[in-house]
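Next comes work.cif, a file with mmCIF, C-alpha atoms.
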data_coords
#
loop_
_atom_site.label_atom_id
_atom_site.label_comp_id
_atom_site.auth_asym_id
_atom_site.auth_seq_id
_atom_site.Cartn_x
_atom_site.Cartn_y
_atom_site.Cartn_z
CA MET K 120 -72.36 56.24 31.96
CA LYS K 121 -69.01 57.97 32.21
CA ASN K 122 -68.10 56.01 35.37
CA TYR K 123 -69.12 52.77 33.66
CA LEU K 124 -66.85 53.53 30.71
CA ILE K 125 -63.92 54.36 33.00
CA SER K 126 -64.45 51.04 34.81
CA ILE K 127 -64.42 49.12 31.53
CA ILE K 128 -61.22 50.87 30.42
CA PHE K 129 -59.65 50.22 33.86
CA ILE K 130 -60.51 46.52 33.73
CA GLY K 131 -59.21 46.29 30.17
CA LEU K 132 -55.95 47.99 31.09
CA LEU K 133 -55.56 45.76 34.14
CA PHE K 134 -56.13 42.66 32.04
CA PHE K 135 -53.63 43.64 29.38
CA ALA K 136 -51.11 44.69 32.02
CA SER K 137 -51.50 41.49 34.03
CA CYS K 138 -51.91 38.61 31.62
CA THR K 139 -48.50 38.22 30.04
CA SER K 140 -48.70 37.36 26.36
CA THR K 141 -46.80 34.50 24.74
CA ARG K 142 -45.07 36.95 22.41
CA VAL K 143 -43.80 39.07 25.32
CA ILE K 144 -42.52 36.03 27.25
CA GLN K 145 -40.70 34.81 24.14
CA LYS K 146 -39.21 38.25 23.48
CA ASN K 147 -37.95 38.60 27.07
CA MET K 148 -36.53 35.08 27.20
CA ASN K 149 -34.63 35.80 23.97
CA SER K 150 -33.51 39.26 25.05
CA ASP K 151 -30.11 38.13 26.30
CA SER K 152 -27.73 35.19 26.26
CA TYR K 153 -26.10 33.63 29.31
CA SER K 154 -22.86 31.81 29.99
CA LEU K 155 -22.68 28.06 30.51
CA SER K 156 -19.44 28.40 32.47
CA TYR K 157 -19.22 26.69 35.85
CA LEU K 158 -16.75 26.08 38.66
CA LYS K 159 -15.12 22.67 38.96
CA ASP K 160 -15.13 20.79 42.24
CA SER K 161 -13.76 17.43 41.13
CA LYS K 162 -10.74 15.98 42.90
CA ILE K 163 -7.52 17.31 41.38
CA SER K 164 -5.38 14.49 40.00
CA LYS K 165 -1.85 14.85 41.33
CA GLU K 166 -0.29 12.04 39.32
CA LYS K 167 -0.70 11.53 35.59
CA LEU K 168 -0.15 8.22 33.79
CA ASP K 169 1.84 8.11 30.57
CA PHE K 170 -1.19 8.21 28.28
CA ASN K 171 -1.91 11.11 25.94
CA VAL K 172 -5.34 11.73 24.48
CA SER K 173 -6.45 14.21 21.86
CA ILE K 174 -9.99 15.22 20.97
CA ASP K 175 -10.78 14.25 17.42
CA SER K 176 -14.28 15.66 17.07
CA VAL K 177 -17.33 16.93 18.92
CA VAL K 178 -20.45 16.18 16.89
CA PHE K 179 -23.63 18.09 17.58
CA GLU K 180 -26.46 17.44 15.17
CA SER K 181 -29.22 18.91 17.22
CA LEU K 182 -32.84 19.61 16.54
CA MET K 183 -32.58 22.46 19.01
CA ASN K 184 -34.22 25.69 17.83
CA ASP K 185 -32.02 28.68 17.14
CA THR K 186 -34.16 30.81 19.42
CA THR K 187 -36.28 30.04 22.48
CA LYS K 188 -39.90 29.32 21.59
CA VAL K 189 -42.93 29.84 23.79
CA HIS K 190 -46.16 28.01 22.91
CA LYS K 191 -49.52 28.66 24.47
CA LEU K 192 -50.96 25.39 25.82
CA LYS K 193 -54.23 26.85 27.02
CA GLY K 194 -55.59 30.16 28.13
CA TRP K 195 -58.90 31.64 29.15
CA PHE K 196 -60.48 34.87 30.33
CA ILE K 197 -63.84 34.86 32.09
CA PRO K 198 -65.46 38.30 32.16
CA LEU K 199 -68.25 37.95 34.73
CA VAL K 200 -70.34 40.86 35.96
CA LEU K 201 -68.53 41.39 39.22
CA VAL K 202 -65.47 39.18 38.84
CA ASN K 203 -62.98 38.67 36.03
CA LEU K 204 -60.63 35.67 35.99
CA TRP K 205 -57.84 34.81 33.64
CA ASN K 206 -55.28 32.06 33.22
CA SER K 207 -52.68 31.40 30.57
CA GLN K 208 -50.45 28.33 30.45
CA ASN K 209 -47.43 28.30 28.18
CA GLU K 210 -44.55 25.96 27.43
CA CYS K 211 -41.06 27.43 26.98
CA ILE K 212 -38.56 25.48 24.87
CA GLN K 213 -34.97 26.58 25.11
CA GLY K 214 -33.13 27.65 21.96
CA LYS K 215 -29.43 28.04 21.16
CA SER K 216 -29.63 31.82 21.42
CA MET K 217 -29.90 31.47 25.21
CA PHE K 218 -26.25 30.40 25.34
CA GLU K 219 -23.32 32.77 25.11
CA GLU K 220 -21.06 29.94 23.97
CA ASP K 221 -21.16 27.68 20.94
CA ILE K 222 -22.21 24.32 22.43
CA PRO K 223 -19.60 21.96 20.84
CA ASP K 224 -16.80 24.48 21.53
CA PHE K 225 -17.94 24.79 25.13
CA LEU K 226 -18.04 21.01 25.58
CA GLN K 227 -14.58 20.59 24.08
CA ALA K 228 -13.03 23.38 26.17
CA SER K 229 -14.68 22.11 29.38
CA LEU K 230 -13.58 18.54 28.64
CA ILE K 231 -9.97 19.65 28.17
CA GLU K 232 -10.08 21.61 31.44
CA GLU K 233 -11.50 18.59 33.26
CA ILE K 234 -8.84 16.25 31.75
CA ASN K 235 -6.14 18.62 32.97
CA ARG K 236 -7.79 18.81 36.40
CA SER K 237 -9.03 15.34 37.32
CA GLY K 238 -7.85 13.05 34.52
CA ASN K 239 -5.14 10.49 35.28
CA PHE K 240 -3.98 10.94 31.66
CA ASN K 241 -2.77 13.92 29.64
CA TYR K 242 -4.48 16.02 27.04
CA ASP K 243 -2.49 16.30 23.82
CA SER K 244 -3.17 19.59 22.09
CA LEU K 245 -0.88 18.73 19.15
CA ASN K 246 -2.96 15.71 18.05
CA ASN K 247 0.14 13.49 17.95
CA SER K 248 -1.16 10.93 20.45
CA ASP K 249 -2.23 7.34 19.83
CA TYR K 250 -5.54 7.88 21.57
CA GLN K 251 -8.35 10.01 20.18
CA LEU K 252 -11.70 10.92 21.66
CA GLU K 253 -14.83 11.24 19.58
CA ILE K 254 -17.68 12.98 21.33
CA SER K 255 -21.26 13.32 20.23
CA ILE K 256 -24.05 15.26 21.90
CA ASP K 257 -27.07 13.00 21.45
CA GLU K 258 -29.65 15.05 23.27
CA ILE K 259 -29.83 18.50 24.73
CA ARG K 260 -33.23 19.80 25.66
CA THR K 261 -34.66 22.12 28.26
CA GLN K 262 -38.27 23.08 28.56
CA GLY K 263 -40.74 24.09 31.20
CA PRO K 264 -44.05 25.76 31.93
CA TYR K 265 -44.89 29.42 32.38
CA GLU K 266 -48.22 30.29 33.93
CA SER K 267 -49.89 33.67 34.20
CA LYS K 268 -53.07 33.94 36.27
CA GLY K 269 -55.15 36.46 38.15
CA PHE K 270 -58.53 37.87 39.08
CA PHE K 271 -60.26 41.22 39.41
CA TYR K 272 -63.47 41.98 41.30
CA PHE K 273 -65.48 45.12 41.77
CA ALA K 274 -68.76 46.15 43.32
CA PHE K 275 -69.66 49.81 43.10
CA PHE K 276 -66.82 51.65 44.83
CA VAL K 277 -65.00 48.53 46.07
CA TYR K 278 -62.54 46.65 43.94
CA GLY K 279 -59.57 44.35 44.32
CA TYR K 280 -57.28 42.30 42.16
CA SER K 281 -54.45 39.80 42.28
CA TYR K 282 -52.21 38.39 39.58
CA ALA K 283 -49.11 36.25 39.50
CA ASP K 284 -46.72 34.79 36.98
CA VAL K 285 -45.11 31.45 37.86
CA ALA K 286 -42.15 30.10 35.89
CA GLY K 287 -40.93 26.52 36.01
CA PRO K 288 -39.89 24.06 37.11
CA ALA K 289 -38.10 23.38 33.82
CA THR K 290 -36.55 20.02 33.00
CA SER K 291 -33.17 19.88 31.32
CA ASN K 292 -31.76 16.73 29.71
CA LEU K 293 -28.34 16.07 28.27
CA ALA K 294 -26.99 12.86 26.72
CA VAL K 295 -23.41 12.54 25.50
CA THR K 296 -21.59 9.57 23.97
CA TYR K 297 -17.84 9.22 23.80
CA LYS K 298 -15.59 6.82 21.91
CA LEU K 299 -11.95 6.30 22.79
CA LYS K 300 -10.14 5.25 19.64
CA LYS K 301 -6.68 4.06 18.73
CA GLY K 302 -6.37 4.32 14.98
CA ASP K 303 -9.59 2.89 13.60
CA SER K 304 -10.38 0.61 16.52
CA VAL K 305 -12.73 1.67 19.29
CA LEU K 306 -11.14 0.77 22.64
CA GLN K 307 -13.87 2.05 24.91
CA SER K 308 -17.18 3.80 24.51
CA ASN K 309 -19.98 4.86 26.78
CA SER K 310 -23.03 7.11 26.94
CA PHE K 311 -23.95 9.32 29.86
CA TYR K 312 -27.20 11.04 30.63
CA SER K 313 -27.94 13.82 33.07
CA GLU K 314 -31.19 15.46 34.05
CA LYS K 315 -31.72 18.58 36.14
CA ILE K 316 -35.01 20.07 37.24
CA THR K 317 -34.91 23.78 38.03
CA GLU K 318 -36.58 25.42 40.98
CA GLN K 319 -39.93 27.03 40.38
CA ILE K 320 -39.67 30.80 40.30
CA ASN K 321 -42.78 31.99 42.08
CA LYS K 322 -41.61 34.85 44.23
CA ARG K 323 -43.54 38.05 43.77
CA TYR K 324 -41.64 39.77 41.02
CA THR K 325 -42.83 43.33 40.48
CA ASN K 326 -41.30 43.17 37.02
CA THR K 327 -42.32 40.12 34.98
CA LYS K 328 -39.54 40.82 32.46
CA ILE K 329 -36.97 40.11 35.21
CA LEU K 330 -38.87 36.94 36.15
CA GLN K 331 -38.73 35.73 32.53
CA GLN K 332 -35.04 36.55 32.26
CA ASP K 333 -34.35 34.75 35.56
CA TYR K 334 -36.25 31.78 34.18
CA ALA K 335 -33.95 31.80 31.14
CA ILE K 336 -30.90 31.98 33.45
CA SER K 337 -32.22 29.02 35.49
CA MET K 338 -32.57 27.01 32.28
CA VAL K 339 -28.98 27.79 31.24
CA GLU K 340 -27.83 26.97 34.78
CA ALA K 341 -29.49 23.55 34.48
CA VAL K 342 -27.73 22.86 31.15
CA SER K 343 -24.45 23.96 32.72
CA TYR K 344 -25.03 21.54 35.62
CA ASN K 345 -25.71 18.71 33.17
CA PHE K 346 -22.52 19.43 31.19
CA LYS K 347 -20.49 19.43 34.40
CA ASN K 348 -22.06 16.16 35.50
CA VAL K 349 -21.62 14.37 32.16
CA ILE K 350 -18.04 15.59 31.68
CA GLU K 351 -17.07 14.36 35.16
CA LEU K 352 -18.64 10.97 34.37
CA ILE K 353 -16.70 10.71 31.09
CA ILE K 354 -13.39 11.54 32.78
CA ALA K 355 -14.07 9.09 35.63
CA ASP K 356 -14.82 6.37 33.04
CA LEU K 357 -11.63 7.13 31.11
CA ASN K 358 -9.63 7.18 34.37
CA ASP K 359 -10.89 3.66 35.11
CA TYR K 360 -9.92 2.53 31.60
CA PHE K 361 -6.38 3.91 31.80
CA ASP K 362 -5.94 2.59 35.36
CA LYS K 363 -6.56 -0.90 33.99
CA GLU K 364 -4.25 -0.30 31.04
CA LYS K 365 -1.22 0.91 32.99
CA MET T 192 -42.41 62.12 74.23
CA LYS T 193 -43.25 58.75 72.65
CA THR T 194 -42.31 60.11 69.21
CA ILE T 195 -38.92 61.32 70.47
CA ALA T 196 -38.28 57.93 72.07
CA PHE T 197 -39.23 56.19 68.81
CA PHE T 198 -36.81 58.29 66.73
CA PHE T 199 -34.11 57.77 69.36
CA LEU T 200 -34.59 54.01 69.05
CA ILE T 201 -34.31 54.23 65.27
CA LEU T 202 -31.08 56.24 65.58
CA LEU T 203 -29.66 53.66 67.99
CA SER T 204 -30.52 50.80 65.65
CA ILE T 205 -28.95 52.33 62.50
CA PRO T 206 -25.50 50.71 63.02
CA ALA T 207 -27.21 47.30 63.33
CA PHE T 208 -28.45 47.61 59.76
CA SER T 209 -24.91 47.97 58.47
CA LYS T 210 -23.60 45.13 56.34
CA ILE T 211 -19.82 45.36 56.33
CA GLY T 212 -18.81 48.82 57.44
CA THR T 213 -20.37 51.20 54.95
CA ASN T 214 -20.46 48.57 52.19
CA LYS T 215 -24.10 47.49 51.84
CA ASP T 216 -23.39 45.00 49.03
CA TYR T 217 -21.98 42.39 51.42
CA ASN T 218 -22.80 41.10 54.89
CA ILE T 219 -20.21 40.03 57.44
CA ILE T 220 -21.48 37.15 59.52
CA SER T 221 -20.19 34.37 61.81
CA GLN T 222 -20.06 30.74 60.69
CA ASN T 223 -22.76 29.81 63.22
CA ASP T 224 -25.09 32.57 62.04
CA TYR T 225 -24.58 31.58 58.40
CA ASN T 226 -25.50 27.97 59.24
CA SER T 227 -28.46 29.21 61.25
CA ASN T 228 -29.67 31.23 58.24
CA LEU T 229 -29.34 28.13 56.08
CA VAL T 230 -31.44 26.05 58.51
CA LYS T 231 -34.09 28.78 58.82
CA GLY T 232 -34.33 28.97 55.03
CA LYS T 233 -33.21 32.61 54.94
CA ASP T 234 -31.83 33.87 51.66
CA VAL T 235 -28.16 32.91 51.43
CA ILE T 236 -28.12 32.79 47.63
CA LEU T 237 -28.97 36.30 46.59
CA LYS T 238 -27.10 37.89 49.49
CA ARG T 239 -23.34 37.87 49.62
CA TYR T 240 -21.77 36.90 52.92
CA ILE T 241 -18.25 37.32 54.20
CA VAL T 242 -18.23 34.47 56.71
CA VAL T 243 -15.73 34.69 59.55
CA PRO T 244 -15.25 32.14 62.35
CA ASP T 245 -16.82 34.37 64.97
CA LEU T 246 -17.92 37.92 65.87
CA ASN T 247 -16.62 39.04 69.27
CA LYS T 248 -18.59 41.86 70.85
CA ASN T 249 -15.77 42.74 73.28
CA TYR T 250 -14.31 44.76 70.46
CA LYS T 251 -12.85 47.44 72.72
CA GLU T 252 -10.26 44.88 73.82
CA ILE T 253 -8.85 44.75 70.28
CA PHE T 254 -6.22 47.38 71.10
CA ASN T 255 -4.69 45.05 73.72
CA GLU T 256 -5.22 41.80 71.82
CA ASN T 257 -2.43 39.82 70.12
CA ASN T 258 -4.24 36.63 69.15
CA PRO T 259 -4.95 36.87 65.36
CA ASP T 260 -8.22 34.88 65.66
CA GLU T 261 -9.53 37.20 68.37
CA ILE T 262 -8.44 40.29 66.45
CA LEU T 263 -10.31 39.05 63.38
CA SER T 264 -13.48 38.31 65.34
CA MET T 265 -13.40 41.66 67.17
CA PHE T 266 -12.70 43.64 64.00
CA SER T 267 -15.46 41.72 62.20
CA PHE T 268 -17.88 42.69 64.95
CA MET T 269 -16.83 46.32 64.54
CA LEU T 270 -17.47 46.11 60.80
CA ASN T 271 -20.80 44.38 61.37
CA LYS T 272 -21.93 47.20 63.67
CA ASN T 273 -20.09 49.87 61.66
CA LYS T 274 -18.14 51.22 64.63
CA SER T 275 -16.46 53.71 62.33
CA LYS T 276 -14.52 55.61 64.99
CA GLU T 277 -12.96 52.49 66.53
CA ILE T 278 -12.34 50.99 63.08
CA SER T 279 -10.37 54.06 61.97
CA GLN T 280 -8.41 54.11 65.24
CA TYR T 281 -7.48 50.44 64.95
CA ILE T 282 -6.48 50.69 61.29
CA LEU T 283 -4.06 53.51 62.16
CA SER T 284 -2.49 51.51 64.97
CA CYS T 285 -2.48 47.92 63.68
CA ASP T 286 0.77 46.23 62.68
CA LYS T 287 0.68 45.83 58.90
CA SER T 288 3.82 43.74 58.87
CA LYS T 289 1.81 40.85 60.33
CA ASP T 290 -0.64 38.70 58.37
CA ILE T 291 -3.57 39.65 60.60
CA GLY T 292 -2.79 43.34 60.12
CA LEU T 293 -2.76 42.90 56.36
CA LEU T 294 -6.01 40.92 56.42
CA ILE T 295 -7.70 43.52 58.62
CA SER T 296 -6.48 46.30 56.30
CA GLY T 297 -7.84 44.37 53.31
CA LEU T 298 -11.20 43.99 55.06
CA TYR T 299 -11.20 47.67 55.99
CA HIS T 300 -10.68 48.85 52.41
CA PHE T 301 -13.21 46.26 51.22
CA SER T 302 -15.73 47.75 53.64
CA ASN T 303 -15.07 51.16 52.05
CA LYS T 304 -15.48 49.73 48.52
CA GLU T 305 -11.80 50.50 47.85
CA TYR T 306 -11.30 47.21 46.07
CA SER T 307 -7.95 47.78 44.37
CA ARG T 308 -6.43 48.97 47.68
CA SER T 309 -7.96 45.97 49.41
CA ILE T 310 -6.25 43.58 46.97
CA ILE T 311 -2.85 45.20 47.61
CA TYR T 312 -3.08 44.18 51.30
CA LEU T 313 -4.80 40.84 50.77
CA GLU T 314 -2.22 39.59 48.30
CA LYS T 315 0.47 39.93 50.96
CA VAL T 316 -1.35 37.62 53.43
CA GLN T 317 0.62 34.36 53.63
CA ASP T 318 -0.95 32.50 56.57
CA ALA T 319 -2.69 29.34 55.29
CA LYS T 320 -5.29 29.75 58.06
CA PHE T 321 -6.68 32.79 56.25
CA ALA T 322 -6.21 31.41 52.73
CA PHE T 323 -9.89 30.80 52.00
CA LEU T 324 -11.12 34.14 53.35
CA ARG T 325 -8.29 35.97 51.60
CA SER T 326 -9.00 34.27 48.25
CA LEU T 327 -12.74 34.94 48.51
CA LEU T 328 -12.15 38.64 49.25
CA VAL T 329 -9.72 38.86 46.31
CA ALA T 330 -12.31 37.22 44.04
CA ASP T 331 -15.03 39.59 45.25
CA CYS T 332 -12.74 42.59 44.72
CA ASN T 333 -12.01 41.47 41.16
CA TYR T 334 -15.72 41.02 40.49
CA GLU T 335 -16.54 44.46 41.89
CA MET T 336 -13.88 46.06 39.70
CA LEU T 337 -15.48 44.65 36.54
CA VAL T 338 -16.82 47.45 34.38
CA ASP T 339 -19.44 45.19 32.84
CA LYS T 340 -20.74 42.85 35.54
CA LYS T 341 -22.45 40.68 32.93
CA ASN T 342 -19.07 39.87 31.42
CA TYR T 343 -17.92 37.88 34.45
CA ASN T 344 -16.18 34.92 32.81
CA SER T 345 -12.76 36.54 33.17
CA ILE T 346 -12.98 36.59 36.97
CA LEU T 347 -14.38 33.06 37.52
CA GLN T 348 -10.78 31.83 37.87
CA PHE T 349 -10.55 33.74 41.16
CA TYR T 350 -13.63 31.99 42.56
CA GLN T 351 -12.20 28.69 41.25
CA ILE T 352 -9.12 29.31 43.42
CA SER T 353 -11.41 29.88 46.42
CA LEU T 354 -13.39 26.73 45.71
CA ASP T 355 -10.16 24.72 45.48
CA LEU T 356 -9.12 26.14 48.85
CA ALA T 357 -12.51 25.38 50.45
CA ARG T 358 -12.20 22.68 53.11
CA THR T 359 -15.73 22.62 54.53
CA GLU T 360 -19.17 22.20 52.98
CA GLN T 361 -20.03 25.67 54.29
CA GLN T 362 -17.14 27.22 52.37
CA LYS T 363 -18.14 25.36 49.20
CA SER T 364 -21.71 26.54 49.63
CA ILE T 365 -20.55 30.18 50.01
CA ILE T 366 -18.67 30.02 46.70
CA LYS T 367 -21.48 28.29 44.83
CA ASN T 368 -23.95 30.88 46.10
CA ARG T 369 -21.61 33.67 44.97
CA ILE T 370 -21.68 32.25 41.45
CA ARG T 371 -25.47 32.09 41.53
CA PHE T 372 -25.60 35.70 42.70
CA ILE T 373 -23.33 36.74 39.83
CA LYS T 374 -25.38 34.82 37.27
CA TYR T 375 -28.76 36.08 38.49
CA ARG T 376 -27.67 39.65 39.18
#
Kindly transcribe the structure held in the file into C-alpha cells.
Amino acid sequence: MKNYLISIIFIGLLFFASCTSTRVIQKNMNSDSYSLSYLKDSKISKEKLDFNVSIDSVVFESLMNDTTKVHKLKGWFIPLVLVNLWNSQNECIQGKSMFEEDIPDFLQASLIEEINRSGNFNYDSLNNSDYQLEISIDEIRTQGPYESKGFFYFAFFVYGYSYADVAGPATSNLAVTYKLKKGDSVLQSNSFYSEKITEQINKRYTNTKILQQDYAISMVEAVSYNFKNVIELIIADLNDYFDKEK
Amino acid sequence: MKTIAFFFLILLSIPAFSKIGTNKDYNIISQNDYNSNLVKGKDVILKRYIVVPDLNKNYKEIFNENNPDEILSMFSFMLNKNKSKEISQYILSCDKSKDIGLLISGLYHFSNKEYSRSIIYLEKVQDAKFAFLRSLLVADCNYEMLVDKKNYNSILQFYQISLDLARTEQQKSIIKNRIRFIKYR
C-alpha cells in the first residue's frame, strides 16, 4: 500500500514537473524584454543628391496586446494502468512588452539611420525641408505554437519516462506604408510587407524557462529582421524616386 | 598499466581542448575549418570563433619568421594548442613596433582575458590586411568589458564597423553569428 502511494505521488510529481502549464509559459515569455536593434548591411551611399527629407509622423494604431498571451489550443492527459501520456498544445501571441524599444520610436530612429547610410538624399532633422515622410505601421504580428508532450511507464520495479517541450516555428508579419509629401500633395507612396518564420527550438533544454525565453528572443529577432527588410525597401523606393527627380 | 596509459593520453590531449590560449569563451580556427564546420552543420552560432586565414603547425619556426601572414598562422596555432611556454617567449621577443607584433600582442592579451590591454595594442594596428580581424577583436573586447551583458546596445556600433569592413560572406556570417550569440546569451 505504501509503495503504491509513493508511486502515485511520483507519477503526479513527474506530470506536474513535465507538462508545462500555459500560465508558466506566459510568465516566462513576459519575464524580460529584448532589443529590436540590428546591424545594417546595405550598401553605403557615397554621393547624396540635393534633396532633404524630414519625417513628419510615424503612426502605429495597433491591436497588439501589451503583454504576450499564451492560449491553450488543446491538451490531454491519459492515465493508463501502466503508461501515462500527456500532450499540451498552446499558441503564443507576441505582446509589446517583449520589446525593449517603443515601436514607432524604433522605426523612426532606424529609418533615419538607414537614410544616412544608404539613402541618396539627406535627412533633415530641423524639419525645414520641402519633403516630408509619413509612415504608418499597418500590421505587426508574431505568433507561434508551443507544444509540451511526454510519457511515463512503469511495471513493478521498472519505469521510464520521456518529455519534451517544442517551441515554434513562429511566424512574424510586418506591413508598413509610407507617403512622401510636398506640402499637402502626395508625391509617392507605397506599402511593403515582410514575413519571417523562426526556426523551431527543439533542442533538449534541461531548463524549459530558458527555452521559453529563447523562443521570445527568436520572435523579437524575427520582428527585427522584418523592420530591417521593410526599411531597406522603403529607402530603395525613395532612392529610385529621387534618382528620377534629379 | 592500461589505466596509466589512459591518464597519460588524457594529459596529452588537454592542450587540444583549449580554445584560444586560456580563454575558453572563444575558439581560434582557420577559415577552412570554419567553412567545414558550416558544411557539417556544427554549431557556429552559439560558439564564438576568431577566424584566421590559416593555422601553421610549424610554430617553432616563428622565432625565425618575418612574413606577417606566417607569423599570424603560427601564433594562432600556438594559441589553439595553448603552447603557453612558447607563447610567452614569443611575446617577449616580438617587435611591437610592427603591425603584426601589435596584432599578436592584442591576440595574446585577448587569450588571457585582458581585454582593455588587448584594445591598447589592437588600436595601433594600421595594416588594412588585418582590419577585419582587428575590428572584430576590438568589438569582442568591448562586449566582454560590459558590466551588464544584457545591455549590449552601446557596443553594437563596434560590430557594425566590423560588418562594414567584411569583404567575404564568411566574414559577414561571423559577425551575424556574434550578434545572435549576444542576443541569445
Given the file shown, enumerate the residues that the PyMOL selection byres ((chain T) within 10 of (chain K)) captures and present them as a ChimeraX atom specification. /T:341-344,347-348,350-352,354-355,357,363,366-367,370-371,374-376
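When the PyMOL selection byres ((chain T and resi 248) around 12) is run on the displayed coordinates, the residues it returns are T:Ser221, T:Asp245, T:Leu246, T:Asn247, T:Asn249, T:Tyr250, T:Lys251, T:Glu252, T:Ile253, T:Glu261, T:Ile262, T:Leu263, T:Ser264, T:Met265, T:Phe266, T:Ser267, T:Phe268, T:Met269, T:Leu270, T:Asn271, T:Lys272, T:Lys274.
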Residues in the PyMOL selection byres ((chain K and resi 345-350) around 8), expressed as number ranges by chain: K: 157, 159, 226, 229-230, 233, 291-295, 311-315, 341-344, 351-354
Which residues are near Phe179 of chain K? Cut-off 9 Å, only C-alpha atoms, ignore same chain within fewer than 5 positions. Put them as a list of chain:residue names.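 Counting only C-alpha atoms, the residues come to K:Ile222, K:Pro223, K:Ile254, K:Ser255, K:Ile256, K:Asp257, K:Glu258.
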Nearby residues (all atoms listed in the file) at most 12 Å from Ala286 of chain K, same-chain spacing under 2 positions excluded, as a VMD selection string: chain K and resid 139 144 148 207 to 211 262 to 268 283 to 284 288 to 290 317 to 324 327 to 338
Tell me which of K:Ile316, K:Phe225, K:Lys365, K:Leu168 sits closest to Asn239 of chain K, counting only C-alpha atoms. K:Leu168
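Closest approach to Ser284 of chain T from the set T:Leu324, T:Phe254, T:Ile346, T:Ile365 is made by T:Phe254, with distances taken over all atoms listed in the file.
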How big is the axis-aligned box, and where does its centre sit, when it encloses all atoms of segment 298-313 of chain K listed in the file and has 5 Å added on every side, reported in Å to one decimal as JSON?
{"center_x": -17.2, "center_y": 7.2, "center_z": 23.3, "size_x": 31.6, "size_y": 23.2, "size_z": 29.5}
Between T:Val338, T:Leu313, T:Ile219, T:Ile295, which has the minimum distance to Asn273 of chain T (counting all atoms listed in the file)?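 That would be T:Ile219, the residue with the smallest distance to Asn273 of chain T.
As for atom CA of Leu293 of chain T and atom CA of Gln361 of chain T, they are spaced 24.5 Å apart.
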Extract, using only C-alpha atoms, all DNA, RNA and protein residues at most 12 Å from Asp224 of chain T, discarding same-chain residues fewer than 6 positions from it, and format them as an MDAnalysis selection string. chainID T and resid 218 230:231 233 235 240:246 361
At a cut-off of 6 Å from (-33.3, 34.0, 22.4) in the coordinates of the file, what residues are picked up using all atoms listed in the file, written as a short mmCIF file (atom, residue, chain, number, x, y, z; two decimals) with C-alpha atoms, keeping the file's coordinate frame?
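Once written, part.cif looks like this:
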data_model
loop_
_atom_site.label_atom_id
_atom_site.label_comp_id
_atom_site.auth_asym_id
_atom_site.auth_seq_id
_atom_site.Cartn_x
_atom_site.Cartn_y
_atom_site.Cartn_z
CA MET K 148 -36.53 35.08 27.20
CA ASN K 149 -34.63 35.80 23.97
CA SER K 150 -33.51 39.26 25.05
CA THR K 186 -34.16 30.81 19.42
CA THR K 187 -36.28 30.04 22.48
CA SER K 216 -29.63 31.82 21.42
CA MET K 217 -29.90 31.47 25.21
#
As a check of understanding: the span from atom CA of Ser279 of chain T to atom CA of Arg369 of chain T is 28.8 Å
Nearest residue to Tyr278 of chain K from the set K:Ile231, K:Leu252, K:Leu201, K:Ile212 (distances using only C-alpha atoms): K:Leu201
So, counting all atoms listed in the file, which residue among T:Ile291, T:Ser326, T:Arg358, T:Cys332 is closest to Ser309 of chain T? T:Cys332
Given all atoms listed in the file as the counted atoms, nearest of K:Gln213, K:Ser281, K:Gln251, K:Asn235 to Leu299 of chain K: K:Gln251
